[in-house]
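For reference, target_0.txt is printed below; it contains compact mmCIF, C-alpha atoms.
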# COMPACT_ATOMS: atom_id res chain seq x y z
CA MET A 1 -33.54 -12.30 4.42
CA GLU A 2 -30.27 -11.85 2.52
CA VAL A 3 -27.88 -9.22 3.80
CA LYS A 4 -25.16 -7.59 1.70
CA LEU A 5 -21.80 -6.88 3.34
CA TYR A 6 -19.04 -4.55 2.21
CA VAL A 7 -15.58 -6.16 2.43
CA GLY A 8 -12.71 -3.70 2.05
CA ASN A 9 -8.93 -3.43 2.24
CA LEU A 10 -8.54 -6.61 0.22
CA SER A 11 -5.27 -7.62 -1.37
CA PHE A 12 -5.46 -7.14 -5.14
CA SER A 13 -4.76 -10.86 -5.51
CA THR A 14 -7.79 -11.96 -3.43
CA THR A 15 -10.28 -14.01 -5.45
CA GLU A 16 -14.04 -14.46 -5.24
CA ASP A 17 -13.49 -18.14 -4.39
CA GLU A 18 -11.27 -17.22 -1.41
CA LEU A 19 -13.97 -14.87 -0.10
CA ARG A 20 -16.72 -17.44 -0.64
CA THR A 21 -14.71 -20.08 1.27
CA LEU A 22 -13.93 -17.67 4.10
CA PHE A 23 -17.49 -16.39 4.60
CA ALA A 24 -18.97 -19.90 4.25
CA GLN A 25 -17.43 -20.60 7.69
CA VAL A 26 -20.24 -18.53 9.27
CA GLY A 27 -23.19 -19.36 7.02
CA THR A 28 -24.72 -19.45 3.57
CA VAL A 29 -23.02 -17.24 1.01
CA ALA A 30 -25.62 -16.19 -1.55
CA SER A 31 -23.17 -14.26 -3.74
CA VAL A 32 -19.70 -12.72 -3.93
CA GLU A 33 -18.99 -9.73 -6.14
CA LEU A 34 -15.33 -8.71 -6.34
CA ILE A 35 -15.23 -5.19 -7.77
CA LYS A 36 -12.81 -4.83 -10.67
CA ASP A 37 -11.50 -1.94 -12.72
CA ARG A 38 -13.53 -1.59 -15.90
CA ASP A 39 -10.47 -0.98 -18.09
CA THR A 40 -7.80 -3.27 -16.62
CA GLY A 41 -9.92 -6.02 -15.07
CA SER A 42 -7.79 -5.94 -11.91
CA SER A 43 -9.33 -5.86 -8.44
CA LYS A 44 -10.12 -2.50 -6.85
CA GLY A 45 -9.50 -3.97 -3.38
CA PHE A 46 -13.09 -4.38 -2.21
CA ALA A 47 -16.03 -6.70 -2.65
CA PHE A 48 -19.64 -7.30 -1.67
CA VAL A 49 -20.59 -10.58 -0.03
CA THR A 50 -24.27 -11.41 0.36
CA MET A 51 -25.06 -13.66 3.33
CA GLY A 52 -28.21 -15.77 3.55
CA ALA A 53 -29.51 -14.36 6.84
CA GLN A 54 -29.13 -11.37 9.17
CA SER A 55 -27.66 -13.53 11.95
CA GLU A 56 -25.02 -14.92 9.56
CA ALA A 57 -24.12 -11.41 8.41
CA GLU A 58 -23.71 -10.26 12.03
CA GLU A 59 -21.51 -13.26 12.78
CA ALA A 60 -19.39 -12.54 9.68
CA ILE A 61 -18.88 -8.93 10.79
CA LYS A 62 -17.85 -10.05 14.31
CA LYS A 63 -15.52 -12.76 13.06
CA PHE A 64 -13.96 -11.17 9.98
CA ASN A 65 -13.78 -7.40 10.59
CA GLY A 66 -10.05 -6.92 11.26
CA TYR A 67 -9.29 -10.48 10.06
CA SER A 68 -5.94 -10.95 8.32
CA LEU A 69 -6.37 -12.10 4.73
CA GLY A 70 -3.48 -11.90 2.28
CA ASN A 71 -1.35 -9.97 4.82
CA ARG A 72 -4.04 -7.26 5.10
CA GLN A 73 -6.59 -6.57 7.80
CA ILE A 74 -9.90 -6.64 6.01
CA LYS A 75 -12.87 -4.43 6.86
CA VAL A 76 -16.34 -5.98 7.00
CA ASN A 77 -19.42 -3.76 7.42
CA PRO A 78 -23.04 -3.78 6.32
CA ALA A 79 -23.19 -2.47 2.77
CA ARG A 80 -24.87 0.91 2.33
CA PRO A 81 -27.32 1.42 -0.51
CA LYS A 82 -25.78 2.89 -3.63
CA GLU A 83 -26.24 6.64 -3.53
CA GLU A 84 -27.99 8.34 -6.39
CA SER A 85 -25.39 10.52 -8.03
CA GLY A 86 -27.99 12.63 -9.83
CA ARG A 87 -25.98 12.63 -13.00
CA GLY A 88 -26.01 10.65 -16.17
CA GLY A 89 -23.29 8.43 -17.52
CA PHE A 90 -21.29 11.31 -18.93
CA GLY A 91 -20.31 13.37 -15.93
CA GLY A 92 -23.34 15.60 -15.53
CA PRO A 93 -23.26 19.38 -15.45
CA ARG A 94 -19.95 21.17 -15.14
CA ARG A 95 -19.42 23.54 -12.28
CA ASN A 96 -17.04 26.46 -12.14
CA THR A 97 -14.03 25.02 -10.34
CA TYR A 98 -11.88 28.13 -10.51
CA GLY A 99 -11.41 30.12 -7.33
CA SER A 100 -13.98 30.67 -4.66
CA GLY A 101 -16.37 32.82 -6.62
CA GLY A 102 -16.27 36.51 -7.30
CA GLY A 103 -15.37 36.00 -10.94
CA ALA A 104 -11.67 36.68 -10.44
CA GLY A 105 -10.68 33.59 -12.36
CA GLY A 106 -9.24 31.87 -9.32
CA ALA A 107 -6.89 34.69 -8.44
CA GLY A 108 -8.54 35.11 -5.07
CA GLY A 109 -9.77 38.61 -5.87
CA ARG A 110 -6.34 40.03 -6.76
CA ASP A 111 -5.48 41.28 -10.16
CA ARG A 112 -2.98 39.36 -12.26
CA ARG A 113 -0.03 41.52 -11.27
CA GLY A 114 0.01 40.15 -7.74
CA SER A 115 -0.32 42.10 -4.52
CA SER A 116 2.18 44.85 -5.33
CA GLY A 117 -0.08 46.44 -7.90
CA GLY A 118 2.64 47.70 -10.19
CA GLY A 119 1.92 48.50 -13.73
CA GLY A 120 3.57 49.77 -16.82
CA GLY A 121 6.89 48.03 -17.07
CA THR A 122 8.20 46.09 -20.01
CA ARG A 123 6.91 42.61 -20.69
CA ARG A 124 9.54 40.06 -21.47
CA TYR A 125 8.62 36.99 -23.43

Any chance you could give the structure as structure tokens?
Amino acid sequence: MEVKLYVGNLSFSTTEDELRTLFAQVGTVASVELIKDRDTGSSKGFAFVTMGAQSEAEEAIKKFNGYSLGNRQIKVNPARPKEESGRGGFGGPRRNTYGSGGGAGGAGGRDRRGSSGGGGGTRRY
């Protein structure tokens, strides 16, 4: 059974071929997916490597978690399933991000004049 591994803390110059060569030392590499920025095409610093068997994946974690690649200590862990975000491709529903509730517009329950109260006075623009 194929097992997908998360590989993090990669140098931005790391290539899929480098990862394939590295992980091939412990077994069959079914696929390598270096995650890249959609707009720039540059690496985001992590990848997913799919190993051919559970035992190979476990060996890869033991051997390569903390391994120095491109002057960085890489992280290798079993990949977690992608979480359902519950929103569509356009950001989903907006939530009120101002303040902590109470309808004070983020002023923390105070009025706009601050804690001294005050009033009247001449506005200067």

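Taking CA of Glu33 in chain A as the reference point, CA of Asn71 in chain A is found at 20.8 Å.
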
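Among the candidate residues A:Val29, A:Leu10, A:Ile61, A:Ala79, the one lying nearest to Phe48 in chain A is A:Ala79, with distances computed using all atoms listed in the file.
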
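The shortest atom-to-atom distance to Asn65 in chain A, with all atoms listed in the file taken into account, belongs to A:Pro78 out of A:Gly41, A:Gly52, A:Gly27, A:Pro78.
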
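CA of Ser11 in chain A is positioned 26.5 Å from CA of Ala53 in chain A.
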
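Within 12 Å of Ala57 in chain A, once only C-alpha atoms are used and residues closer than 5 positions along the same chain are dropped, the contacting residues are Met1, Glu2, Val3, Lys4, Leu5, Tyr6, Val7, Phe23, Ala24, Gln25, Val26, Gly27, Thr28, Val29, Ala30, Phe48, Val49, Thr50, Met51, Gly52, Lys62, Lys63, Phe64, Asn65, Val76, Asn77, Pro78 and Ala79 of chain A.
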
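Computed from the coordinates, the CA of Ser13 in chain A to CA of Gly45 in chain A distance equals 8.6 Å.
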
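Minimum distance to Lys36 in chain A across A:Gln73, A:Thr122, A:Thr15, A:Ser68 (counting all atoms listed in the file) occurs at A:Thr15.
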
When you get a chance, write out N, CA and C atoms for range 48-66 of chain A, as a compact mmCIF listing (two decimals), in the coordinates of the input.
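The file below, part-v8.txt, is the result:
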# COMPACT_ATOMS: atom_id res chain seq x y z
N PHE A 48 -18.37 -7.19 -2.38
CA PHE A 48 -19.64 -7.30 -1.67
C PHE A 48 -19.95 -8.78 -1.54
N VAL A 49 -20.23 -9.20 -0.30
CA VAL A 49 -20.59 -10.58 -0.03
C VAL A 49 -22.01 -10.56 0.52
N THR A 50 -22.89 -11.33 -0.10
CA THR A 50 -24.27 -11.41 0.36
C THR A 50 -24.45 -12.70 1.16
N MET A 51 -24.83 -12.52 2.43
CA MET A 51 -25.06 -13.66 3.33
C MET A 51 -26.54 -14.02 3.31
N GLY A 52 -26.85 -15.28 3.63
CA GLY A 52 -28.21 -15.77 3.55
C GLY A 52 -29.17 -15.25 4.60
N ALA A 53 -28.63 -14.82 5.76
CA ALA A 53 -29.51 -14.36 6.84
C ALA A 53 -28.82 -13.26 7.64
N GLN A 54 -29.64 -12.47 8.34
CA GLN A 54 -29.13 -11.37 9.17
C GLN A 54 -28.16 -11.89 10.24
N SER A 55 -28.51 -12.99 10.88
CA SER A 55 -27.66 -13.53 11.95
C SER A 55 -26.30 -13.96 11.40
N GLU A 56 -26.28 -14.51 10.19
CA GLU A 56 -25.02 -14.92 9.56
C GLU A 56 -24.17 -13.69 9.21
N ALA A 57 -24.83 -12.65 8.75
CA ALA A 57 -24.12 -11.41 8.41
C ALA A 57 -23.49 -10.81 9.67
N GLU A 58 -24.24 -10.79 10.77
CA GLU A 58 -23.71 -10.26 12.03
C GLU A 58 -22.52 -11.07 12.52
N GLU A 59 -22.61 -12.38 12.38
CA GLU A 59 -21.51 -13.26 12.78
C GLU A 59 -20.28 -13.01 11.90
N ALA A 60 -20.50 -12.81 10.60
CA ALA A 60 -19.39 -12.54 9.68
C ALA A 60 -18.69 -11.23 10.05
N ILE A 61 -19.47 -10.22 10.41
CA ILE A 61 -18.88 -8.93 10.79
C ILE A 61 -18.03 -9.11 12.04
N LYS A 62 -18.59 -9.81 13.05
CA LYS A 62 -17.85 -10.05 14.31
C LYS A 62 -16.56 -10.83 14.06
N LYS A 63 -16.66 -11.86 13.25
CA LYS A 63 -15.52 -12.76 13.06
C LYS A 63 -14.47 -12.22 12.10
N PHE A 64 -14.90 -11.51 11.04
CA PHE A 64 -13.96 -11.17 9.98
C PHE A 64 -13.55 -9.70 9.90
N ASN A 65 -14.22 -8.79 10.60
CA ASN A 65 -13.78 -7.40 10.59
C ASN A 65 -12.45 -7.32 11.35
N GLY A 66 -11.39 -6.93 10.67
CA GLY A 66 -10.05 -6.92 11.26
C GLY A 66 -9.28 -8.21 11.02
